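Have a look at structure19.pdb below; it lists PDB, C-alpha atoms, pLDDT in the B column.
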```pdb
ATOM      1  CA  ASP A   8     -19.229 -21.163   3.437  1.00 68.00           C
ATOM      2  CA  GLY A   9     -17.740 -23.401   6.142  1.00 77.00           C
ATOM      3  CA  LEU A  10     -20.464 -22.762   8.730  1.00 83.00           C
ATOM      4  CA  SER A  11     -22.844 -25.376  10.118  1.00 86.00           C
ATOM      5  CA  ASN A  12     -26.583 -24.741  10.073  1.00 86.00           C
ATOM      6  CA  ALA A  13     -26.472 -24.268  13.846  1.00 88.00           C
ATOM      7  CA  GLU A  14     -23.723 -21.658  13.484  1.00 85.00           C
ATOM      8  CA  GLU A  15     -25.695 -19.933  10.735  1.00 85.00           C
ATOM      9  CA  GLN A  16     -28.707 -19.748  13.026  1.00 83.00           C
ATOM     10  CA  ASP A  17     -26.670 -18.341  15.917  1.00 82.00           C
ATOM     11  CA  LEU A  18     -25.058 -15.732  13.683  1.00 86.00           C
ATOM     12  CA  GLY A  19     -28.205 -14.796  11.821  1.00 86.00           C
ATOM     13  CA  THR A  20     -26.682 -15.642   8.448  1.00 88.00           C
ATOM     14  CA  ASP A  21     -28.445 -17.229   5.480  1.00 91.00           C
ATOM     15  CA  PRO A  22     -27.631 -20.962   5.175  1.00 91.00           C
ATOM     16  CA  ASN A  23     -28.568 -20.762   1.493  1.00 88.00           C
ATOM     17  CA  ASP A  24     -26.229 -17.866   0.722  1.00 88.00           C
ATOM     18  CA  SER A  25     -22.486 -18.132   1.291  1.00 88.00           C
ATOM     19  CA  ASP A  26     -22.211 -14.321   1.431  1.00 87.00           C
ATOM     20  CA  THR A  27     -25.181 -13.155   3.493  1.00 87.00           C
ATOM     21  CA  ASP A  28     -24.314  -9.450   3.531  1.00 83.00           C
ATOM     22  CA  GLY A  29     -23.140  -9.318  -0.091  1.00 86.00           C
ATOM     23  CA  ASP A  30     -19.790  -7.710   0.697  1.00 82.00           C
ATOM     24  CA  GLY A  31     -17.753 -10.160  -1.379  1.00 86.00           C
ATOM     25  CA  TYR A  32     -16.517 -12.292   1.515  1.00 89.00           C
ATOM     26  CA  ASP A  33     -17.878 -15.728   2.440  1.00 86.00           C
ATOM     27  CA  ASP A  34     -19.607 -15.841   5.813  1.00 87.00           C
ATOM     28  CA  GLY A  35     -17.157 -18.424   7.152  1.00 87.00           C
ATOM     29  CA  ASP A  36     -14.162 -16.339   6.131  1.00 87.00           C
ATOM     30  CA  GLU A  37     -15.632 -13.292   7.865  1.00 89.00           C
ATOM     31  CA  VAL A  38     -16.077 -15.266  11.073  1.00 91.00           C
ATOM     32  CA  THR A  39     -12.466 -16.464  10.808  1.00 86.00           C
ATOM     33  CA  ALA A  40     -11.230 -12.923  10.237  1.00 88.00           C
ATOM     34  CA  GLY A  41     -13.383 -11.424  12.995  1.00 88.00           C
ATOM     35  CA  SER A  42     -15.721  -9.321  10.845  1.00 89.00           C
ATOM     36  CA  ASP A  43     -19.533  -9.403  10.887  1.00 90.00           C
ATOM     37  CA  PRO A  44     -21.020 -11.593   8.121  1.00 87.00           C
ATOM     38  CA  THR A  45     -24.378  -9.824   8.452  1.00 88.00           C
ATOM     39  CA  ASP A  46     -23.035  -6.275   8.008  1.00 88.00           C
ATOM     40  CA  GLU A  47     -21.987  -5.223   4.516  1.00 85.00           C
ATOM     41  CA  GLU A  48     -20.102  -2.273   6.007  1.00 79.00           C
ATOM     42  CA  ASP A  49     -17.927  -4.630   8.070  1.00 84.00           C
ATOM     43  CA  GLY A  50     -15.996  -6.612   5.477  1.00 86.00           C
ATOM     44  CA  ILE A  51     -12.572  -8.109   6.065  1.00 93.00           C
ATOM     45  CA  TYR A  52     -10.780  -5.376   4.110  1.00 95.00           C
ATOM     46  CA  ALA A  53     -12.252  -1.994   3.141  1.00 93.00           C
ATOM     47  CA  GLY A  54     -10.406  -2.278  -0.165  1.00 95.00           C
ATOM     48  CA  GLY A  55     -12.058  -5.597  -0.963  1.00 93.00           C
ATOM     49  CA  TRP A  56      -8.730  -7.440  -1.087  1.00 97.00           C
ATOM     50  CA  PRO A  57      -9.007 -11.229  -1.129  1.00 95.00           C
ATOM     51  CA  PHE A  58      -8.816 -13.361   1.993  1.00 96.00           C
ATOM     52  CA  ASN A  59      -6.924 -16.634   2.171  1.00 95.00           C
ATOM     53  CA  PRO A  60      -8.093 -18.758   5.124  1.00 92.00           C
ATOM     54  CA  ASP A  61      -5.300 -21.275   4.446  1.00 93.00           C
ATOM     55  CA  LYS A  62      -2.412 -18.818   4.439  1.00 94.00           C
ATOM     56  CA  ASP A  63      -0.781 -20.368   7.527  1.00 93.00           C
ATOM     57  CA  ALA A  64      -0.048 -23.471   5.425  1.00 94.00           C
ATOM     58  CA  LEU A  65       2.373 -21.455   3.291  1.00 94.00           C
ATOM     59  CA  GLY A  66       4.911 -21.302   6.112  1.00 89.00           C
ATOM     60  CA  ASN A  67       7.088 -18.252   6.529  1.00 85.00           C
ATOM     61  CA  ALA A  68      10.413 -17.407   4.923  1.00 91.00           C
ATOM     62  CA  SER A  69      13.144 -15.332   6.575  1.00 93.00           C
ATOM     63  CA  TRP A  70      13.851 -11.669   5.928  1.00 97.00           C
ATOM     64  CA  SER A  71      17.166 -10.688   4.386  1.00 96.00           C
ATOM     65  CA  VAL A  72      18.703  -7.980   2.250  1.00 96.00           C
ATOM     66  CA  GLY A  73      18.270  -9.212  -1.287  1.00 97.00           C
ATOM     67  CA  THR A  74      16.377 -12.239  -2.572  1.00 97.00           C
ATOM     68  CA  SER A  75      16.326 -14.442  -5.660  1.00 97.00           C
ATOM     69  CA  VAL A  76      14.037 -16.158  -8.137  1.00 98.00           C
ATOM     70  CA  GLY A  77      12.350 -19.161  -6.538  1.00 97.00           C
ATOM     71  CA  ALA A  78      12.592 -17.793  -2.996  1.00 97.00           C
ATOM     72  CA  GLN A  79       9.408 -17.307  -1.010  1.00 97.00           C
ATOM     73  CA  VAL A  80       8.551 -13.790   0.072  1.00 97.00           C
ATOM     74  CA  PRO A  81       8.333 -13.675   3.888  1.00 97.00           C
ATOM     75  CA  ARG A  82       4.953 -13.153   5.459  1.00 97.00           C
ATOM     76  CA  TRP A  83       4.369  -9.426   5.665  1.00 98.00           C
ATOM     77  CA  THR A  84       1.637  -7.341   7.264  1.00 97.00           C
ATOM     78  CA  ALA A  85       1.444  -3.647   6.427  1.00 98.00           C
ATOM     79  CA  VAL A  86      -1.037  -0.767   6.535  1.00 98.00           C
ATOM     80  CA  ASP A  87      -2.906  -0.015   3.322  1.00 98.00           C
ATOM     81  CA  GLN A  88      -4.458   3.124   1.858  1.00 98.00           C
ATOM     82  CA  PHE A  89      -7.650   2.561   3.857  1.00 98.00           C
ATOM     83  CA  GLY A  90      -5.896   2.145   7.203  1.00 98.00           C
ATOM     84  CA  ASP A  91      -6.308  -1.649   7.330  1.00 97.00           C
ATOM     85  CA  MET A  92      -3.470  -3.960   8.312  1.00 97.00           C
ATOM     86  CA  VAL A  93      -3.204  -6.268   5.305  1.00 98.00           C
ATOM     87  CA  ASP A  94      -1.541  -9.684   5.330  1.00 98.00           C
ATOM     88  CA  LEU A  95       0.278 -10.109   2.015  1.00 98.00           C
ATOM     89  CA  TYR A  96      -0.375 -13.849   2.186  1.00 98.00           C
ATOM     90  CA  ASP A  97      -4.089 -13.161   1.760  1.00 97.00           C
ATOM     91  CA  LEU A  98      -3.181 -12.540  -1.897  1.00 98.00           C
ATOM     92  CA  ALA A  99      -1.744 -16.049  -2.184  1.00 97.00           C
ATOM     93  CA  MET A 100      -3.449 -18.950  -3.963  1.00 95.00           C
ATOM     94  CA  GLN A 101      -5.984 -16.707  -5.695  1.00 95.00           C
ATOM     95  CA  GLY A 102      -5.119 -17.916  -9.191  1.00 95.00           C
ATOM     96  CA  VAL A 103      -3.456 -14.658 -10.287  1.00 96.00           C
ATOM     97  CA  PRO A 104       0.120 -13.324 -10.279  1.00 96.00           C
ATOM     98  CA  VAL A 105       1.132 -10.606  -7.837  1.00 98.00           C
ATOM     99  CA  VAL A 106       3.248  -7.598  -8.818  1.00 98.00           C
ATOM    100  CA  LEU A 107       5.345  -5.847  -6.180  1.00 98.00           C
ATOM    101  CA  ASP A 108       5.967  -2.260  -7.261  1.00 98.00           C
ATOM    102  CA  VAL A 109       8.590  -0.595  -5.040  1.00 98.00           C
ATOM    103  CA  ALA A 110       8.112   3.169  -5.100  1.00 98.00           C
ATOM    104  CA  ALA A 111       8.587   6.417  -3.179  1.00 98.00           C
ATOM    105  CA  THR A 112       6.501   9.566  -3.148  1.00 98.00           C
ATOM    106  CA  TRP A 113       9.469  11.720  -4.182  1.00 98.00           C
ATOM    107  CA  CYS A 114      10.219   9.540  -7.223  1.00 98.00           C
ATOM    108  CA  GLY A 115       9.025  11.137 -10.467  1.00 98.00           C
ATOM    109  CA  PRO A 116       9.077   7.939 -12.555  1.00 97.00           C
ATOM    110  CA  CYS A 117       7.174   6.134  -9.761  1.00 98.00           C
ATOM    111  CA  ASN A 118       4.447   8.746 -10.039  1.00 98.00           C
ATOM    112  CA  GLN A 119       4.464   8.382 -13.822  1.00 98.00           C
ATOM    113  CA  MET A 120       4.045   4.628 -13.455  1.00 97.00           C
ATOM    114  CA  ALA A 121       1.126   5.130 -11.060  1.00 98.00           C
ATOM    115  CA  ASP A 122      -0.428   7.722 -13.360  1.00 97.00           C
ATOM    116  CA  TRP A 123      -0.209   5.321 -16.319  1.00 97.00           C
ATOM    117  CA  LEU A 124      -1.665   2.528 -14.207  1.00 97.00           C
ATOM    118  CA  ASP A 125      -4.545   4.842 -13.319  1.00 97.00           C
ATOM    119  CA  GLY A 126      -5.359   5.327 -16.988  1.00 96.00           C
ATOM    120  CA  ALA A 127      -3.184   8.178 -18.217  1.00 96.00           C
ATOM    121  CA  ASN A 128      -1.548   7.801 -21.611  1.00 94.00           C
ATOM    122  CA  ASN A 129       1.548   9.680 -20.504  1.00 94.00           C
ATOM    123  CA  GLY A 130       4.115   7.860 -22.630  1.00 91.00           C
ATOM    124  CA  PHE A 131       5.784   6.215 -19.609  1.00 93.00           C
ATOM    125  CA  ILE A 132       4.661   2.837 -20.954  1.00 93.00           C
ATOM    126  CA  SER A 133       3.604   2.458 -24.585  1.00 91.00           C
ATOM    127  CA  ALA A 134       0.004   1.756 -25.556  1.00 91.00           C
ATOM    128  CA  GLU A 135       1.007  -1.867 -26.167  1.00 88.00           C
ATOM    129  CA  GLY A 136       1.192  -2.253 -22.396  1.00 90.00           C
ATOM    130  CA  ASN A 137      -2.333  -0.996 -21.747  1.00 94.00           C
ATOM    131  CA  PRO A 138      -3.801  -4.538 -21.521  1.00 96.00           C
ATOM    132  CA  ILE A 139      -1.631  -4.969 -18.408  1.00 96.00           C
ATOM    133  CA  ARG A 140      -3.312  -2.137 -16.543  1.00 96.00           C
ATOM    134  CA  GLU A 141      -6.693  -3.362 -17.761  1.00 97.00           C
ATOM    135  CA  GLY A 142      -5.783  -6.754 -16.290  1.00 97.00           C
ATOM    136  CA  VAL A 143      -5.157  -5.026 -12.965  1.00 97.00           C
ATOM    137  CA  TRP A 144      -8.493  -3.231 -13.136  1.00 97.00           C
ATOM    138  CA  ASN A 145     -10.442  -6.433 -13.813  1.00 96.00           C
ATOM    139  CA  GLY A 146      -8.628  -8.623 -11.283  1.00 95.00           C
ATOM    140  CA  GLN A 147      -6.505 -10.751 -13.627  1.00 97.00           C
ATOM    141  CA  ILE A 148      -3.392  -9.295 -11.996  1.00 97.00           C
ATOM    142  CA  ARG A 149      -2.888  -8.193  -8.390  1.00 97.00           C
ATOM    143  CA  TRP A 150      -0.733  -5.036  -8.215  1.00 98.00           C
ATOM    144  CA  VAL A 151       0.835  -4.023  -4.896  1.00 98.00           C
ATOM    145  CA  THR A 152       2.572  -0.653  -4.638  1.00 98.00           C
ATOM    146  CA  VAL A 153       5.125  -0.695  -1.813  1.00 98.00           C
ATOM    147  CA  LEU A 154       5.848   2.862  -0.614  1.00 98.00           C
ATOM    148  CA  PHE A 155       8.999   3.120   1.465  1.00 98.00           C
ATOM    149  CA  GLN A 156       9.649   6.884   1.556  1.00 98.00           C
ATOM    150  CA  ASP A 157       7.562  10.048   1.503  1.00 98.00           C
ATOM    151  CA  GLY A 158       8.203  13.251  -0.439  1.00 97.00           C
ATOM    152  CA  SER A 159      11.031  14.331   1.840  1.00 98.00           C
ATOM    153  CA  GLY A 160      12.749  10.948   1.974  1.00 98.00           C
ATOM    154  CA  ALA A 161      11.413  10.057   5.415  1.00 98.00           C
ATOM    155  CA  PRO A 162       9.888   6.609   6.043  1.00 98.00           C
ATOM    156  CA  ALA A 163       6.435   6.315   4.488  1.00 98.00           C
ATOM    157  CA  ASP A 164       3.428   5.577   6.685  1.00 98.00           C
ATOM    158  CA  GLY A 165      -0.273   4.922   6.283  1.00 98.00           C
ATOM    159  CA  ASN A 166      -0.983   8.582   5.609  1.00 98.00           C
ATOM    160  CA  ASP A 167       1.384   8.458   2.646  1.00 98.00           C
ATOM    161  CA  ALA A 168      -0.350   5.323   1.342  1.00 98.00           C
ATOM    162  CA  THR A 169      -3.678   7.157   1.577  1.00 98.00           C
ATOM    163  CA  ALA A 170      -2.303  10.261  -0.143  1.00 98.00           C
ATOM    164  CA  TRP A 171      -0.862   8.118  -2.934  1.00 98.00           C
ATOM    165  CA  TYR A 172      -4.237   6.474  -3.431  1.00 98.00           C
ATOM    166  CA  ASN A 173      -5.978   9.850  -3.426  1.00 98.00           C
ATOM    167  CA  ASN A 174      -3.692  10.909  -6.272  1.00 98.00           C
ATOM    168  CA  TYR A 175      -4.027   7.592  -8.108  1.00 98.00           C
ATOM    169  CA  PRO A 176      -7.314   5.931  -7.075  1.00 98.00           C
ATOM    170  CA  THR A 177      -6.787   2.892  -9.287  1.00 97.00           C
ATOM    171  CA  ASP A 178      -9.183  -0.023  -8.992  1.00 91.00           C
ATOM    172  CA  GLY A 179      -7.398  -3.184  -7.893  1.00 94.00           C
ATOM    173  CA  VAL A 180      -4.166  -1.537  -6.720  1.00 98.00           C
ATOM    174  CA  LEU A 181      -3.193  -2.236  -3.117  1.00 98.00           C
ATOM    175  CA  VAL A 182      -0.922   0.447  -1.644  1.00 98.00           C
ATOM    176  CA  LEU A 183       1.134  -0.650   1.359  1.00 98.00           C
ATOM    177  CA  ALA A 184       3.451   1.480   3.487  1.00 98.00           C
ATOM    178  CA  ASP A 185       6.917   0.065   4.175  1.00 98.00           C
ATOM    179  CA  PRO A 186       8.257   2.423   6.877  1.00 98.00           C
ATOM    180  CA  SER A 187      11.077   0.107   7.946  1.00 98.00           C
ATOM    181  CA  SER A 188      11.976  -0.693   4.299  1.00 98.00           C
ATOM    182  CA  GLN A 189      11.598  -4.374   5.130  1.00 97.00           C
ATOM    183  CA  MET A 190      10.129  -5.338   1.762  1.00 98.00           C
ATOM    184  CA  THR A 191      12.196  -2.764  -0.083  1.00 98.00           C
ATOM    185  CA  ASN A 192      15.433  -4.138   1.357  1.00 98.00           C
ATOM    186  CA  LEU A 193      14.379  -7.692   0.530  1.00 98.00           C
ATOM    187  CA  ILE A 194      14.068  -6.759  -3.136  1.00 98.00           C
ATOM    188  CA  ASN A 195      17.019  -4.354  -2.794  1.00 98.00           C
ATOM    189  CA  PRO A 196      16.511  -2.418  -6.028  1.00 98.00           C
ATOM    190  CA  PRO A 197      19.293  -0.112  -7.230  1.00 97.00           C
ATOM    191  CA  GLY A 198      16.639   2.206  -8.656  1.00 97.00           C
ATOM    192  CA  ILE A 199      12.905   2.791  -8.607  1.00 98.00           C
ATOM    193  CA  PRO A 200      10.231   2.155  -9.692  1.00 97.00           C
ATOM    194  CA  SER A 201      11.130  -1.500  -9.445  1.00 98.00           C
ATOM    195  CA  LEU A 202       8.765  -4.303 -10.398  1.00 98.00           C
ATOM    196  CA  SER A 203       9.026  -7.886  -9.153  1.00 98.00           C
ATOM    197  CA  LEU A 204       6.621 -10.739  -9.854  1.00 98.00           C
ATOM    198  CA  LEU A 205       5.284 -13.351  -7.451  1.00 98.00           C
ATOM    199  CA  ALA A 206       3.602 -16.629  -8.282  1.00 97.00           C
ATOM    200  CA  GLU A 207       0.399 -17.361  -6.401  1.00 95.00           C
ATOM    201  CA  ASP A 208       2.380 -19.442  -3.884  1.00 96.00           C
ATOM    202  CA  MET A 209       4.321 -16.287  -2.932  1.00 97.00           C
ATOM    203  CA  THR A 210       7.582 -17.317  -4.592  1.00 97.00           C
ATOM    204  CA  PHE A 211       9.490 -14.885  -6.780  1.00 98.00           C
ATOM    205  CA  LEU A 212       9.217 -15.437 -10.517  1.00 98.00           C
ATOM    206  CA  ILE A 213      11.128 -12.229 -11.283  1.00 98.00           C
ATOM    207  CA  VAL A 214      13.116  -9.977  -8.943  1.00 98.00           C
ATOM    208  CA  ASP A 215      13.736  -6.276  -9.652  1.00 98.00           C
ATOM    209  CA  ASP A 216      13.337  -6.320 -13.428  1.00 98.00           C
ATOM    210  CA  THR A 217      10.591  -3.974 -14.551  1.00 96.00           C
ATOM    211  CA  ASN A 218      10.814  -4.772 -18.275  1.00 95.00           C
ATOM    212  CA  ALA A 219      10.837  -8.514 -17.632  1.00 97.00           C
ATOM    213  CA  VAL A 220       7.752  -8.227 -15.404  1.00 97.00           C
ATOM    214  CA  LEU A 221       5.840  -6.193 -17.977  1.00 96.00           C
ATOM    215  CA  ASN A 222       6.767  -8.660 -20.718  1.00 95.00           C
ATOM    216  CA  ALA A 223       5.742 -11.605 -18.542  1.00 97.00           C
ATOM    217  CA  LEU A 224       2.393 -10.007 -17.739  1.00 96.00           C
ATOM    218  CA  PHE A 225       1.769  -9.240 -21.390  1.00 93.00           C
ATOM    219  CA  THR A 226       2.453 -12.885 -22.253  1.00 93.00           C
ATOM    220  CA  TYR A 227       0.272 -14.064 -19.352  1.00 94.00           C
ATOM    221  CA  LEU A 228      -2.674 -12.041 -20.589  1.00 92.00           C
TER     222      LEU A 228
END
```

Take the structure I supplied and represent it as structure tokens, if you would.
Amino acid sequence: DGLSNAEEQDLGTDPNDSDTDGDGYDDGDEVTAGSDPTDEEDGIYAGGWPFNPDKDALGNASWSVGTSVGAQVPRWTAVDQFGDMVDLYDLAMQGVPVVLDVAATWCGPCNQMADWLDGANNGFISAEGNPIREGVWNGQIRWVTVLFQDGSGAPADGNDATAWYNNYPTDGVLVLADPSSQMTNLINPPGIPSLSLLAEDMTFLIVDDTNAVLNALFTYL
């Protein structure tokens, strides 16, 4: 777990167990992140999102309006549905693709997408696509919903991310508020919902092409 025996003794962690408190995070990663490796209630993220201790090695791209396939998504920290500030680069190098789902609370089709992802057979996506949502549920795919506006068209905040999650409490879906539209403007979709696909190194495989992302995920699975 990256800790010496002396450090384990000082911290009160188990040198024979990489995750002393059983919260899903290695003891060394918890120390790096500033959480308590002996307290299962004090994990790195309340949502159980992964943690990448080597994320600084990925560098940091520049923000712009619009991006392209092969470009690296800039490092982005945003509040999630549990009130945690989440570093998007913690999702990097986890061996799974990352979907960026740009949405707004006022958007009917965005809600239909979220409802389908949560398990509803509402006809928004055919039953052939159901293995995709099952892949999200079991961790084969990381799905990130990026909320940029609330129901009245105002900038979304953490409360909106929480409300979205309360409506669609889908296992494995990370909901991030984008109040300044930083991520939304980077993808620059002409309509929503808009799906883009990231490789595990945080480079775009697909930009703003929902059908192409769904087809790629289906092939991946």

Name the closest residue to Gly198 in chain A among the candidates A:Asp215, A:Asp28, A:Asp167, A:Asp21; distances are taken between atoms, counting only C-alpha atoms. A:Asp215

The PyMOL selection byres ((chain A and resi 205-212) around 7) - which residues does that actually catch in the file I just gave you? List them as a VMD selection string. chain A and resid 75 to 80 99 to 106 203 to 204 213 to 214

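Within the 7 Å cut-off around range 31-47 of chain A, using all atoms listed in the file and omitting residues fewer than 6 positions from it on the same chain, the listed residues are Asp8, Gly9, Leu10, Thr20, Ser25 and Pro60 of chain A.
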
Nearest to Ala163 in chain A, chosen from A:Leu228, A:Ala184, A:Ile132, A:Ala127, with only C-alpha atoms counted in the distances: A:Ala184

Which is closer to Ile148 in chain A than all the others in A:Ala85, A:Ala168, A:Leu221, A:Leu65, using only C-alpha atoms? A:Leu221

As a check of understanding: the span from CA of Ser133 in chain A to CA of Asn195 in chain A is 26.5 Å

The PyMOL selection byres ((chain A and resi 96) around 9) on the file shown: which residues, as a VMD selection string? chain A and resid 58 to 59 62 to 63 65 81 to 84 93 to 95 97 to 100 208 to 209

Determine, counting only C-alpha atoms, every residue of protein, DNA or RNA that lies within 12 Å of (15.0, 15.6, 0.5) in the file coordinates, then give the result as number ranges by chain. A: 111-114, 156-162

Could you check which residues have any atom within 7 Å of (3.5, -3.9, -15.3), counting only C-alpha atoms with coordinates taken straight from the file, and then list them as a PyMOL selection string? chain A and resi 139+220-221+224

May I have the residues within 10 Å of Asn12 in chain A as a PyMOL selection string, using only C-alpha atoms and disregarding those fewer than 4 positions away in the same chain? chain A and resi 16-18+20-23

Given all atoms listed in the file as the basis, pick out the residue of A:Asp91, A:Asp108, A:Glu135, A:Asp49 nearest to Thr191 in chain A. A:Asp108

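You will find CA of Gly55 in chain A at 11.3 Å from CA of Gly146 in chain A.
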
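Rounded to one decimal, CA of Thr169 in chain A and CA of Gly90 in chain A lie 7.9 Å from each other.
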